[in-house]
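Chemist: Have a look at the structure that comes next, please.
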Amino acid sequence: MNFLKEIERRRTFGIISHPDAGKTTLTEKLLLFGGAIQEAGAVKNNKIKKGATSDFMEIERQRGISVATSVLAFIYKDKKINILDTPGHKDFAEDTFRTLTAVDSVIVVIDVAKGVEPQTEKLVEVCRMRSIPMLVFINKLDREGKDAFDLLDEVEQKLGLRVTPMSFPIGMGYDFKGIYNIWEKKLNLFSGDNKTSISEGVEFSDLSNPELDTIIGETAADTLREEIELIDEVYPAFNQEEYLEGKLQPVFFGSALNNFGVKELLEAFIEIAPSPQPKKAEERLVDSKEEKLTGFVFKIHANMDPKHRDRLAFIKIVSGTFKRNAPYLHVRTGKKVKFSSPNAFFAERKEIVEESFPGDIVGIHDTGNFKIGDTLTEGEALNFKGIPSFSPEHFRYVNNADPMKSKQLYKGLDQLMDEGVAQLFTLEMNGRRVVGTVGALQYEVIQYRLEHEYGAKCTYENLAAHKACWVEPENPKSDEFIDFKRVKQRYLAKDKQGQLVFLADSEFTIQMTQNKYPSVKLHFTSEFKK
Ligand code: G4P
């Protein structure tokens, strides 16, 4: 198969949702369709159980599983589908944000009864900011839930999306009969009372056909006709260009658990979802069809065995063909590197590959050379954009609890930060180190891993910071900036890249500071330069 065909047939995407909306179940059903797994339950438990915050075995188990499910690849109708796993647990949101830099589109799963939940809002906002094409799957239609139109309204309002229903439920919960597939003009009905068997979709392009009354009953048929008419009037028609530009979001209804509406979703997905897209580097836009290899590290996973401190760096191929043993430039260090055993991922297994194409993810064994965001090329000095750090929500000082092991502690902290476990800030005034995280769980992970992998011990001390603001002065030499630095001295720190950060203790402080020093801009992500 030639290079362009390989690119065209790839679909690399992520599924995002609030925990429990059904992401794991949907992933599994998609894998079943692709023949990548044989039975349901294979991907299950790919999440930290609720209330397991102190259970280290659980964290370790999770780390093990999350390597196995980091990338789930399968072939469906000749399309190579790569699902990038995104942790649902909110404490790992930062991981999910980074994974979103490596996807070409996403599927958003929403629970029909719960509607739009906080974690969905956050993740969708990130996708919206980046104009990532999104499909919405409203799940659990076999249960009593919100009215479909109300839900569509909620999705539009809370998520700021512009939706176009591609299917519509016939009844819900106890009365759930099936779905009218607007996209293919087909009727998909449950057969039997237990809602476990599904009839193949029957062509039904004209809903005024009286046969509809015979099939689903007069009342349901009338309701469906009215609803579809309303949809025609109220919602924009599907337009692929708008979807690809992130301006229109097709919505599907179904039940992942009962495998209902999943095939329709998958069929539409492979047809309309984008193949690998061009990606912005600081220097230029890189097209996936360029023949020279480019790629970037979006995730680093430490080995679970503390005796072997090698890690697996996940590289998304942006352009060109990645070849085993070929020399590539590791742009940040300027070194030439070769990989003798790059891994490709499938469902439940990984294996060494000779070549990979744009859209694919390659796993590289790394002994500590890679950082998240690093770029590989065939020689060009390119740096891919779009792996920003967001402001952490928790801040704690790190204290060394074993003075004999300070070297180990700092090395361990450094490496864990490269993996993206948390963010490290060094206070300008006294050099104390502050670890910032999205969730409290990370502090336990860090403490545990420092001890078990690096033989170092640490304790924490709370720091009453509310947000990290990356500081950008209009003029670094201005009196205003000098005054800002003098007055805020105690709250200034450097991040790992050496960028200046202001650790503000409240929203109020941020506002006051902005009013007082209008020429000193405060940003809430590390990547504010255009
Ligand atoms: P997540 O990855 O988004 O966190 O969600 P997951 O797929 O694990 O689903 C969360 C719960 O919702 C699971 O139940 C799952 O079986 C259920 N579920 C998923 N899709 C549907 C659906 O279409 N209909 C209904 N009724 N339930 C659905 P659980 O009780 O937490 O787990 P389990 O004991 O079933 O494994």
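Residue numbering restarts at 1 for every chain of the structure tokens, chains are lettered A, B, ... in their displayed order, and ligands are numbered from 1 as they appear.
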Sorted by chain and rising residue number, which residues of chain A lie within 6 Å of ligand 1, and what are their closest atom pairs and distances in Å to one decimal, counting only C-alpha atoms and all ligand atoms, as a tab-separated table?
Modeler:
residue	atom	partner	partner_atom_place_in_ligand_line	distance
A:Ser17	CA	ligand 1	3 (O)	6.0
A:Pro19	CA	ligand 1	4 (O)	3.8
A:Asp20	CA	ligand 1	4 (O)	3.3
A:Ala21	CA	ligand 1	3 (O)	4.1
A:Gly22	CA	ligand 1	7 (O)	3.3
A:Lys23	CA	ligand 1	3 (O)	3.6
A:Thr24	CA	ligand 1	2 (O)	3.6
A:Thr25	CA	ligand 1	7 (O)	3.6
A:Asn139	CA	ligand 1	23 (O)	5.2
A:Lys140	CA	ligand 1	23 (O)	3.4
A:Asp142	CA	ligand 1	24 (N)	5.7
A:Arg143	CA	ligand 1	26 (N)	5.6
A:Ser255	CA	ligand 1	23 (O)	3.3
A:Ala256	CA	ligand 1	23 (O)	4.0
A:Leu257	CA	ligand 1	23 (O)	4.0
A:Asn258	CA	ligand 1	23 (O)	5.8
Chemist: What would the file look like if the residues just selected were written as a PDB file, in the first residue's frame with N, CA, C and O atoms?
Modeler:
ATOM      1  N   SER A  17     -15.032  11.678  28.422  1.00  0.00           N
ATOM      2  CA  SER A  17     -16.308  11.695  29.126  1.00  0.00           C
ATOM      3  C   SER A  17     -16.060  11.939  30.601  1.00  0.00           C
ATOM      4  O   SER A  17     -14.931  11.864  31.068  1.00  0.00           O
ATOM      5  N   PRO A  19     -16.310  10.422  34.285  1.00  0.00           N
ATOM      6  CA  PRO A  19     -16.285   9.016  34.704  1.00  0.00           C
ATOM      7  C   PRO A  19     -17.693   8.429  34.802  1.00  0.00           C
ATOM      8  O   PRO A  19     -18.619   9.128  35.219  1.00  0.00           O
ATOM      9  N   ASP A  20     -17.799   7.186  34.374  1.00  0.00           N
ATOM     10  CA  ASP A  20     -19.047   6.424  34.471  1.00  0.00           C
ATOM     11  C   ASP A  20     -20.058   6.686  33.368  1.00  0.00           C
ATOM     12  O   ASP A  20     -21.130   6.090  33.367  1.00  0.00           O
ATOM     13  N   ALA A  21     -19.724   7.562  32.425  1.00  0.00           N
ATOM     14  CA  ALA A  21     -20.670   7.809  31.339  1.00  0.00           C
ATOM     15  C   ALA A  21     -20.690   6.638  30.360  1.00  0.00           C
ATOM     16  O   ALA A  21     -21.657   6.452  29.623  1.00  0.00           O
ATOM     17  N   GLY A  22     -19.600   5.851  30.375  1.00  0.00           N
ATOM     18  CA  GLY A  22     -19.599   4.666  29.507  1.00  0.00           C
ATOM     19  C   GLY A  22     -18.441   4.612  28.518  1.00  0.00           C
ATOM     20  O   GLY A  22     -18.497   3.861  27.546  1.00  0.00           O
ATOM     21  N   LYS A  23     -17.379   5.353  28.787  1.00  0.00           N
ATOM     22  CA  LYS A  23     -16.227   5.387  27.878  1.00  0.00           C
ATOM     23  C   LYS A  23     -15.607   3.999  27.705  1.00  0.00           C
ATOM     24  O   LYS A  23     -15.357   3.562  26.590  1.00  0.00           O
ATOM     25  N   THR A  24     -15.391   3.310  28.822  1.00  0.00           N
ATOM     26  CA  THR A  24     -14.767   1.988  28.749  1.00  0.00           C
ATOM     27  C   THR A  24     -15.654   1.010  27.986  1.00  0.00           C
ATOM     28  O   THR A  24     -15.178   0.246  27.145  1.00  0.00           O
ATOM     29  N   THR A  25     -16.931   1.058  28.294  1.00  0.00           N
ATOM     30  CA  THR A  25     -17.865   0.143  27.624  1.00  0.00           C
ATOM     31  C   THR A  25     -17.888   0.420  26.117  1.00  0.00           C
ATOM     32  O   THR A  25     -17.833  -0.507  25.310  1.00  0.00           O
ATOM     33  N   ASN A 139     -25.329   8.185  25.626  1.00  0.00           N
ATOM     34  CA  ASN A 139     -25.312   6.768  26.004  1.00  0.00           C
ATOM     35  C   ASN A 139     -26.399   6.425  27.038  1.00  0.00           C
ATOM     36  O   ASN A 139     -26.961   7.304  27.668  1.00  0.00           O
ATOM     37  N   LYS A 140     -26.626   5.146  27.199  1.00  0.00           N
ATOM     38  CA  LYS A 140     -27.539   4.582  28.211  1.00  0.00           C
ATOM     39  C   LYS A 140     -29.005   4.864  27.918  1.00  0.00           C
ATOM     40  O   LYS A 140     -29.795   5.096  28.833  1.00  0.00           O
ATOM     41  N   ASP A 142     -31.125   2.888  27.178  1.00  0.00           N
ATOM     42  CA  ASP A 142     -31.978   1.826  27.714  1.00  0.00           C
ATOM     43  C   ASP A 142     -32.489   2.212  29.091  1.00  0.00           C
ATOM     44  O   ASP A 142     -33.331   1.534  29.667  1.00  0.00           O
ATOM     45  N   ARG A 143     -31.945   3.322  29.629  1.00  0.00           N
ATOM     46  CA  ARG A 143     -32.410   3.797  30.932  1.00  0.00           C
ATOM     47  C   ARG A 143     -33.251   5.034  30.757  1.00  0.00           C
ATOM     48  O   ARG A 143     -33.128   5.748  29.771  1.00  0.00           O
ATOM     49  N   SER A 255     -26.867   2.840  23.194  1.00  0.00           N
ATOM     50  CA  SER A 255     -26.575   2.218  24.477  1.00  0.00           C
ATOM     51  C   SER A 255     -25.362   1.315  24.279  1.00  0.00           C
ATOM     52  O   SER A 255     -25.449   0.281  23.609  1.00  0.00           O
ATOM     53  N   ALA A 256     -24.239   1.754  24.823  1.00  0.00           N
ATOM     54  CA  ALA A 256     -22.998   1.004  24.619  1.00  0.00           C
ATOM     55  C   ALA A 256     -23.118  -0.396  25.207  1.00  0.00           C
ATOM     56  O   ALA A 256     -22.730  -1.382  24.598  1.00  0.00           O
ATOM     57  N   LEU A 257     -23.716  -0.464  26.400  1.00  0.00           N
ATOM     58  CA  LEU A 257     -23.817  -1.740  27.088  1.00  0.00           C
ATOM     59  C   LEU A 257     -24.589  -2.761  26.251  1.00  0.00           C
ATOM     60  O   LEU A 257     -24.214  -3.923  26.166  1.00  0.00           O
ATOM     61  N   ASN A 258     -25.656  -2.304  25.637  1.00  0.00           N
ATOM     62  CA  ASN A 258     -26.468  -3.207  24.817  1.00  0.00           C
ATOM     63  C   ASN A 258     -26.025  -3.242  23.366  1.00  0.00           C
ATOM     64  O   ASN A 258     -26.700  -3.817  22.522  1.00  0.00           O
TER      65      ASN A 258
END
Chemist: Show which residues sit within 6 Å of segment 503-506 of chain A, as a PyMOL selection string. Count only C-alpha atoms, and ignore same-chain residues fewer than 6 positions away.
Modeler: chain A and resi 465-468+491
Chemist: With a distance cut-off of 8 Å and only C-alpha atoms, select the neighbouring residues of Leu312 of chain A, excluding the residue or stretch itself and same-chain residues fewer than 2 positions from it, and output the selection as a PDB file with N, CA, C and O atoms, in the first residue's frame.
Modeler:
ATOM      1  N   ILE A 300       4.801   9.816  28.578  1.00  0.00           N
ATOM      2  CA  ILE A 300       5.928   8.980  29.002  1.00  0.00           C
ATOM      3  C   ILE A 300       5.433   8.092  30.132  1.00  0.00           C
ATOM      4  O   ILE A 300       4.763   8.562  31.043  1.00  0.00           O
ATOM      5  N   HIS A 301       5.750   6.834  30.021  1.00  0.00           N
ATOM      6  CA  HIS A 301       5.276   5.916  31.028  1.00  0.00           C
ATOM      7  C   HIS A 301       6.437   5.194  31.671  1.00  0.00           C
ATOM      8  O   HIS A 301       7.244   4.590  30.978  1.00  0.00           O
ATOM      9  N   ALA A 302       6.533   5.284  32.985  1.00  0.00           N
ATOM     10  CA  ALA A 302       7.657   4.638  33.657  1.00  0.00           C
ATOM     11  C   ALA A 302       7.449   3.138  33.718  1.00  0.00           C
ATOM     12  O   ALA A 302       6.322   2.661  33.784  1.00  0.00           O
ATOM     13  N   ASN A 303       8.550   2.432  33.721  1.00  0.00           N
ATOM     14  CA  ASN A 303       8.493   0.987  33.902  1.00  0.00           C
ATOM     15  C   ASN A 303       7.946   0.688  35.293  1.00  0.00           C
ATOM     16  O   ASN A 303       8.231   1.378  36.249  1.00  0.00           O
ATOM     17  N   ASP A 310      13.832   2.027  32.960  1.00  0.00           N
ATOM     18  CA  ASP A 310      13.563   2.563  31.628  1.00  0.00           C
ATOM     19  C   ASP A 310      12.095   2.907  31.517  1.00  0.00           C
ATOM     20  O   ASP A 310      11.258   2.468  32.302  1.00  0.00           O
ATOM     21  N   PHE A 314       5.842   7.674  24.313  1.00  0.00           N
ATOM     22  CA  PHE A 314       4.857   7.500  23.243  1.00  0.00           C
ATOM     23  C   PHE A 314       5.016   8.636  22.238  1.00  0.00           C
ATOM     24  O   PHE A 314       4.902   9.809  22.607  1.00  0.00           O
ATOM     25  N   GLY A 363       5.912   3.351  20.473  1.00  0.00           N
ATOM     26  CA  GLY A 363       6.439   3.341  21.846  1.00  0.00           C
ATOM     27  C   GLY A 363       7.941   3.084  21.801  1.00  0.00           C
ATOM     28  O   GLY A 363       8.389   2.120  21.198  1.00  0.00           O
ATOM     29  N   ILE A 364       8.693   3.973  22.425  1.00  0.00           N
ATOM     30  CA  ILE A 364      10.153   3.893  22.380  1.00  0.00           C
ATOM     31  C   ILE A 364      10.677   3.667  23.791  1.00  0.00           C
ATOM     32  O   ILE A 364      10.273   4.372  24.713  1.00  0.00           O
ATOM     33  N   HIS A 365      11.596   2.726  23.948  1.00  0.00           N
ATOM     34  CA  HIS A 365      12.210   2.555  25.263  1.00  0.00           C
ATOM     35  C   HIS A 365      13.187   3.685  25.492  1.00  0.00           C
ATOM     36  O   HIS A 365      13.978   4.011  24.623  1.00  0.00           O
ATOM     37  N   ASP A 366      13.116   4.262  26.674  1.00  0.00           N
ATOM     38  CA  ASP A 366      13.884   5.476  26.934  1.00  0.00           C
ATOM     39  C   ASP A 366      14.511   5.370  28.315  1.00  0.00           C
ATOM     40  O   ASP A 366      13.870   4.908  29.250  1.00  0.00           O
TER      41      ASP A 366
END
Chemist: Quick check, in Å to one decimal: how far apart do atom CA of Asp213 of chain A and atom CA of Glu264 of chain A lie?
Modeler: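 It comes out at 23.3 Å.
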Chemist: Smallest atom-to-atom distance to Gln415 of chain A: which of A:Glu94, A:Glu6, A:Asp360, A:Glu453, using only C-alpha atoms?
Modeler: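 So, comparing all the options, the nearest one is A:Glu453.
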Chemist: Excluding segment 382-397 of chain A and residues on its chain fewer than 4 positions from it, collect all residues at most 7 Å away from it, counting only C-alpha atoms, and give them as an NGL selection string.
Modeler: :A and (98 or 101 or 280-283 or 296 or 331 or 373 or 375 or 433-440 or 460-463 or 465-469 or 524-527)
Chemist: For the residues selected in the previous step, produce a file with N, CA and C atoms as a PDB file, in the first residue's frame.
Modeler:
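Written out: part25.pdb:
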ATOM      1  N   ARG A  98      -2.900  16.294  27.532  1.00  0.00           N
ATOM      2  CA  ARG A  98      -1.744  16.054  26.666  1.00  0.00           C
ATOM      3  C   ARG A  98      -2.075  15.051  25.572  1.00  0.00           C
ATOM      4  N   THR A 101      -3.504  16.354  22.447  1.00  0.00           N
ATOM      5  CA  THR A 101      -2.653  16.983  21.430  1.00  0.00           C
ATOM      6  C   THR A 101      -2.269  15.969  20.348  1.00  0.00           C
ATOM      7  N   LYS A 280       0.792  22.164  13.741  1.00  0.00           N
ATOM      8  CA  LYS A 280       1.603  23.379  13.837  1.00  0.00           C
ATOM      9  C   LYS A 280       2.866  23.121  14.639  1.00  0.00           C
ATOM     10  N   ALA A 281       3.992  23.496  14.045  1.00  0.00           N
ATOM     11  CA  ALA A 281       5.225  23.543  14.826  1.00  0.00           C
ATOM     12  C   ALA A 281       5.501  25.023  15.027  1.00  0.00           C
ATOM     13  N   GLU A 282       6.384  25.347  15.956  1.00  0.00           N
ATOM     14  CA  GLU A 282       6.680  26.770  16.164  1.00  0.00           C
ATOM     15  C   GLU A 282       7.165  27.391  14.867  1.00  0.00           C
ATOM     16  N   GLU A 283       7.884  26.598  14.066  1.00  0.00           N
ATOM     17  CA  GLU A 283       8.521  27.137  12.872  1.00  0.00           C
ATOM     18  C   GLU A 283       7.598  27.183  11.671  1.00  0.00           C
ATOM     19  N   PHE A 296       6.229  13.694  17.750  1.00  0.00           N
ATOM     20  CA  PHE A 296       6.510  14.297  19.056  1.00  0.00           C
ATOM     21  C   PHE A 296       6.057  13.380  20.188  1.00  0.00           C
ATOM     22  N   VAL A 331      15.396  16.847  18.584  1.00  0.00           N
ATOM     23  CA  VAL A 331      15.641  18.279  18.385  1.00  0.00           C
ATOM     24  C   VAL A 331      16.131  18.988  19.653  1.00  0.00           C
ATOM     25  N   GLY A 373       6.645  16.535  24.926  1.00  0.00           N
ATOM     26  CA  GLY A 373       6.735  17.671  24.009  1.00  0.00           C
ATOM     27  C   GLY A 373       7.959  17.612  23.101  1.00  0.00           C
ATOM     28  N   THR A 375      10.505  16.726  20.129  1.00  0.00           N
ATOM     29  CA  THR A 375      10.226  16.475  18.718  1.00  0.00           C
ATOM     30  C   THR A 375      11.342  15.638  18.086  1.00  0.00           C
ATOM     31  N   ARG A 433      11.321  24.068  46.582  1.00  0.00           N
ATOM     32  CA  ARG A 433      10.588  23.443  45.477  1.00  0.00           C
ATOM     33  C   ARG A 433       9.128  23.235  45.838  1.00  0.00           C
ATOM     34  N   VAL A 434       8.289  23.534  44.857  1.00  0.00           N
ATOM     35  CA  VAL A 434       6.850  23.392  45.054  1.00  0.00           C
ATOM     36  C   VAL A 434       6.321  22.463  43.973  1.00  0.00           C
ATOM     37  N   VAL A 435       5.549  21.468  44.390  1.00  0.00           N
ATOM     38  CA  VAL A 435       4.935  20.568  43.403  1.00  0.00           C
ATOM     39  C   VAL A 435       3.473  20.977  43.222  1.00  0.00           C
ATOM     40  N   GLY A 436       3.096  21.198  41.985  1.00  0.00           N
ATOM     41  CA  GLY A 436       1.710  21.565  41.678  1.00  0.00           C
ATOM     42  C   GLY A 436       1.037  20.420  40.945  1.00  0.00           C
ATOM     43  N   THR A 437      -0.176  20.075  41.355  1.00  0.00           N
ATOM     44  CA  THR A 437      -0.877  18.958  40.707  1.00  0.00           C
ATOM     45  C   THR A 437      -2.323  19.331  40.420  1.00  0.00           C
ATOM     46  N   VAL A 438      -2.945  18.509  39.584  1.00  0.00           N
ATOM     47  CA  VAL A 438      -4.360  18.720  39.290  1.00  0.00           C
ATOM     48  C   VAL A 438      -5.218  18.078  40.377  1.00  0.00           C
ATOM     49  N   GLY A 439      -4.736  16.971  40.926  1.00  0.00           N
ATOM     50  CA  GLY A 439      -5.528  16.297  41.957  1.00  0.00           C
ATOM     51  C   GLY A 439      -4.659  15.880  43.123  1.00  0.00           C
ATOM     52  N   ALA A 440      -5.272  15.671  44.260  1.00  0.00           N
ATOM     53  CA  ALA A 440      -4.517  15.325  45.464  1.00  0.00           C
ATOM     54  C   ALA A 440      -3.852  13.947  45.337  1.00  0.00           C
ATOM     55  N   TYR A 460       5.396  16.712  52.616  1.00  0.00           N
ATOM     56  CA  TYR A 460       4.830  17.897  51.966  1.00  0.00           C
ATOM     57  C   TYR A 460       4.389  18.913  53.010  1.00  0.00           C
ATOM     58  N   GLU A 461       4.267  20.120  52.549  1.00  0.00           N
ATOM     59  CA  GLU A 461       3.773  21.192  53.395  1.00  0.00           C
ATOM     60  C   GLU A 461       2.865  22.033  52.513  1.00  0.00           C
ATOM     61  N   ASN A 462       1.712  22.371  53.016  1.00  0.00           N
ATOM     62  CA  ASN A 462       0.778  23.106  52.155  1.00  0.00           C
ATOM     63  C   ASN A 462       1.267  24.493  51.784  1.00  0.00           C
ATOM     64  N   LEU A 463       0.950  24.888  50.593  1.00  0.00           N
ATOM     65  CA  LEU A 463       1.240  26.244  50.169  1.00  0.00           C
ATOM     66  C   LEU A 463      -0.102  26.826  49.742  1.00  0.00           C
ATOM     67  N   ALA A 465      -1.564  28.515  47.643  1.00  0.00           N
ATOM     68  CA  ALA A 465      -1.659  29.165  46.327  1.00  0.00           C
ATOM     69  C   ALA A 465      -2.930  28.677  45.659  1.00  0.00           C
ATOM     70  N   HIS A 466      -3.469  29.505  44.792  1.00  0.00           N
ATOM     71  CA  HIS A 466      -4.730  29.190  44.150  1.00  0.00           C
ATOM     72  C   HIS A 466      -4.491  28.847  42.677  1.00  0.00           C
ATOM     73  N   LYS A 467      -3.601  29.593  42.045  1.00  0.00           N
ATOM     74  CA  LYS A 467      -3.350  29.373  40.634  1.00  0.00           C
ATOM     75  C   LYS A 467      -1.932  29.771  40.268  1.00  0.00           C
ATOM     76  N   ALA A 468      -1.371  29.039  39.309  1.00  0.00           N
ATOM     77  CA  ALA A 468      -0.082  29.452  38.768  1.00  0.00           C
ATOM     78  C   ALA A 468      -0.356  30.299  37.536  1.00  0.00           C
ATOM     79  N   CYS A 469       0.190  31.494  37.504  1.00  0.00           N
ATOM     80  CA  CYS A 469      -0.012  32.370  36.338  1.00  0.00           C
ATOM     81  C   CYS A 469       1.342  32.586  35.676  1.00  0.00           C
ATOM     82  N   PHE A 524      -2.820  31.567  32.006  1.00  0.00           N
ATOM     83  CA  PHE A 524      -3.134  30.376  32.807  1.00  0.00           C
ATOM     84  C   PHE A 524      -2.642  29.077  32.171  1.00  0.00           C
ATOM     85  N   THR A 525      -1.945  29.206  31.076  1.00  0.00           N
ATOM     86  CA  THR A 525      -1.254  28.038  30.534  1.00  0.00           C
ATOM     87  C   THR A 525       0.152  28.477  30.157  1.00  0.00           C
ATOM     88  N   SER A 526       1.064  27.493  30.109  1.00  0.00           N
ATOM     89  CA  SER A 526       2.468  27.825  29.878  1.00  0.00           C
ATOM     90  C   SER A 526       2.715  28.202  28.422  1.00  0.00           C
ATOM     91  N   GLU A 527       1.776  27.844  27.554  1.00  0.00           N
ATOM     92  CA  GLU A 527       2.038  28.099  26.138  1.00  0.00           C
ATOM     93  C   GLU A 527       1.211  29.278  25.663  1.00  0.00           C
TER      94      GLU A 527
END
Chemist: Restricting the calculation to only C-alpha atoms, which member of A:Asp104, A:Asp414, A:Glu121, A:Glu184 is positioned closest to Ile16 of chain A?
Modeler: A:Glu121
Chemist: Find the residues near segment 481-489 of chain A: any atom within 8 Å, counting only C-alpha atoms, skip ones fewer than 3 places away on the same chain, and give them as number ranges by chain.
Modeler: A: 428-429, 473, 475-478, 492, 502, 517, 519-520
Chemist: Restricting the output to all heavy atoms, write the selected residues as an mmCIF file, in the first residue's frame.
Modeler:
data_model
loop_
_atom_site.group_PDB
_atom_site.id
_atom_site.type_symbol
_atom_site.label_atom_id
_atom_site.label_comp_id
_atom_site.auth_asym_id
_atom_site.auth_seq_id
_atom_site.Cartn_x
_atom_site.Cartn_y
_atom_site.Cartn_z
ATOM 1 N N GLU A 428 11.653 31.810 43.617
ATOM 2 C CA GLU A 428 12.747 32.718 43.297
ATOM 3 C C GLU A 428 13.504 33.126 44.563
ATOM 4 O O GLU A 428 14.712 33.252 44.578
ATOM 5 C CB GLU A 428 12.170 33.988 42.653
ATOM 6 C CG GLU A 428 11.684 33.776 41.242
ATOM 7 C CD GLU A 428 12.787 33.960 40.225
ATOM 8 O OE1 GLU A 428 13.467 32.955 39.929
ATOM 9 O OE2 GLU A 428 12.963 35.088 39.745
ATOM 10 N N MET A 429 12.743 33.322 45.650
ATOM 11 C CA MET A 429 13.313 33.921 46.834
ATOM 12 C C MET A 429 14.272 32.990 47.573
ATOM 13 O O MET A 429 15.345 33.392 47.993
ATOM 14 C CB MET A 429 12.171 34.307 47.767
ATOM 15 C CG MET A 429 12.497 35.454 48.654
ATOM 16 S SD MET A 429 11.032 35.986 49.512
ATOM 17 C CE MET A 429 10.597 34.572 50.473
ATOM 18 N N PRO A 473 5.799 40.028 30.694
ATOM 19 C CA PRO A 473 5.845 41.492 30.724
ATOM 20 C C PRO A 473 5.919 42.053 29.304
ATOM 21 O O PRO A 473 6.566 41.451 28.452
ATOM 22 C CB PRO A 473 7.154 41.769 31.464
ATOM 23 C CG PRO A 473 8.010 40.580 31.212
ATOM 24 C CD PRO A 473 7.097 39.401 30.976
ATOM 25 N N ASN A 475 7.355 44.803 28.632
ATOM 26 C CA ASN A 475 8.743 45.233 28.557
ATOM 27 C C ASN A 475 9.455 44.799 29.843
ATOM 28 O O ASN A 475 9.211 45.340 30.913
ATOM 29 C CB ASN A 475 8.778 46.762 28.408
ATOM 30 C CG ASN A 475 10.205 47.279 28.453
ATOM 31 O OD1 ASN A 475 11.171 46.504 28.502
ATOM 32 N ND2 ASN A 475 10.335 48.603 28.449
ATOM 33 N N PRO A 476 10.352 43.831 29.712
ATOM 34 C CA PRO A 476 11.003 43.293 30.916
ATOM 35 C C PRO A 476 11.820 44.345 31.669
ATOM 36 O O PRO A 476 12.167 44.143 32.834
ATOM 37 C CB PRO A 476 11.924 42.203 30.365
ATOM 38 C CG PRO A 476 11.509 41.965 28.964
ATOM 39 C CD PRO A 476 10.803 43.170 28.477
ATOM 40 N N LYS A 477 12.117 45.447 30.992
ATOM 41 C CA LYS A 477 12.943 46.464 31.667
ATOM 42 C C LYS A 477 12.113 47.597 32.239
ATOM 43 O O LYS A 477 12.647 48.538 32.825
ATOM 44 C CB LYS A 477 13.957 47.032 30.667
ATOM 45 C CG LYS A 477 14.937 45.978 30.156
ATOM 46 C CD LYS A 477 16.268 46.613 29.758
ATOM 47 C CE LYS A 477 17.270 45.547 29.407
ATOM 48 N NZ LYS A 477 17.343 45.284 27.965
ATOM 49 N N SER A 478 10.797 47.539 32.063
ATOM 50 C CA SER A 478 9.959 48.664 32.500
ATOM 51 C C SER A 478 9.931 48.766 34.023
ATOM 52 O O SER A 478 10.091 47.768 34.739
ATOM 53 C CB SER A 478 8.528 48.486 31.979
ATOM 54 O OG SER A 478 7.928 47.402 32.643
ATOM 55 N N LEU A 492 6.868 34.552 43.521
ATOM 56 C CA LEU A 492 7.369 34.280 42.174
ATOM 57 C C LEU A 492 8.219 33.019 42.158
ATOM 58 O O LEU A 492 8.962 32.739 43.101
ATOM 59 C CB LEU A 492 8.186 35.467 41.655
ATOM 60 C CG LEU A 492 7.373 36.738 41.392
ATOM 61 C CD1 LEU A 492 8.272 37.860 40.914
ATOM 62 C CD2 LEU A 492 6.250 36.485 40.382
ATOM 63 N N PHE A 502 3.780 33.365 38.587
ATOM 64 C CA PHE A 502 3.283 34.047 39.779
ATOM 65 C C PHE A 502 2.275 33.124 40.447
ATOM 66 O O PHE A 502 1.270 32.742 39.843
ATOM 67 C CB PHE A 502 2.633 35.371 39.337
ATOM 68 C CG PHE A 502 1.850 36.073 40.418
ATOM 69 C CD1 PHE A 502 2.366 36.243 41.700
ATOM 70 C CD2 PHE A 502 0.591 36.593 40.133
ATOM 71 C CE1 PHE A 502 1.632 36.902 42.680
ATOM 72 C CE2 PHE A 502 -0.147 37.259 41.101
ATOM 73 C CZ PHE A 502 0.377 37.410 42.385
ATOM 74 N N TYR A 517 -0.892 46.215 37.468
ATOM 75 C CA TYR A 517 0.225 46.110 36.511
ATOM 76 C C TYR A 517 -0.300 45.698 35.138
ATOM 77 O O TYR A 517 -0.089 44.568 34.696
ATOM 78 C CB TYR A 517 1.242 45.067 36.998
ATOM 79 C CG TYR A 517 1.750 45.302 38.395
ATOM 80 C CD1 TYR A 517 1.236 44.589 39.476
ATOM 81 C CD2 TYR A 517 2.748 46.251 38.633
ATOM 82 C CE1 TYR A 517 1.695 44.815 40.761
ATOM 83 C CE2 TYR A 517 3.208 46.483 39.926
ATOM 84 C CZ TYR A 517 2.673 45.763 40.982
ATOM 85 O OH TYR A 517 3.127 45.986 42.252
ATOM 86 N N SER A 519 0.623 46.161 32.227
ATOM 87 C CA SER A 519 1.567 45.759 31.165
ATOM 88 C C SER A 519 2.221 44.408 31.479
ATOM 89 O O SER A 519 3.036 43.913 30.715
ATOM 90 C CB SER A 519 2.637 46.826 30.981
ATOM 91 O OG SER A 519 3.596 46.729 32.018
ATOM 92 N N VAL A 520 1.857 43.844 32.634
ATOM 93 C CA VAL A 520 2.392 42.512 32.961
ATOM 94 C C VAL A 520 1.249 41.514 32.766
ATOM 95 O O VAL A 520 0.309 41.476 33.543
ATOM 96 C CB VAL A 520 2.904 42.455 34.420
ATOM 97 C CG1 VAL A 520 3.461 41.079 34.743
ATOM 98 C CG2 VAL A 520 3.957 43.535 34.656
#
Chemist: Would you mind telling me which residue in A:Val286, A:Val297, A:Met134, A:Leu32 lies nearest to Glu380 of chain A when using only C-alpha atoms?
Modeler: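 Once distances to Glu380 of chain A are computed over only C-alpha atoms, the minimum belongs to A:Val286.
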Chemist: For Ala102 of chain A, work out the shell of residues within 10 Å, counting only C-alpha atoms and skipping chain neighbours fewer than 3 positions away, then give it as a VMD selection string.
Modeler: chain A and resid 12 to 14 84 97 to 99 105 276 279 295 to 299 314 to 318 359 to 361 386 to 387
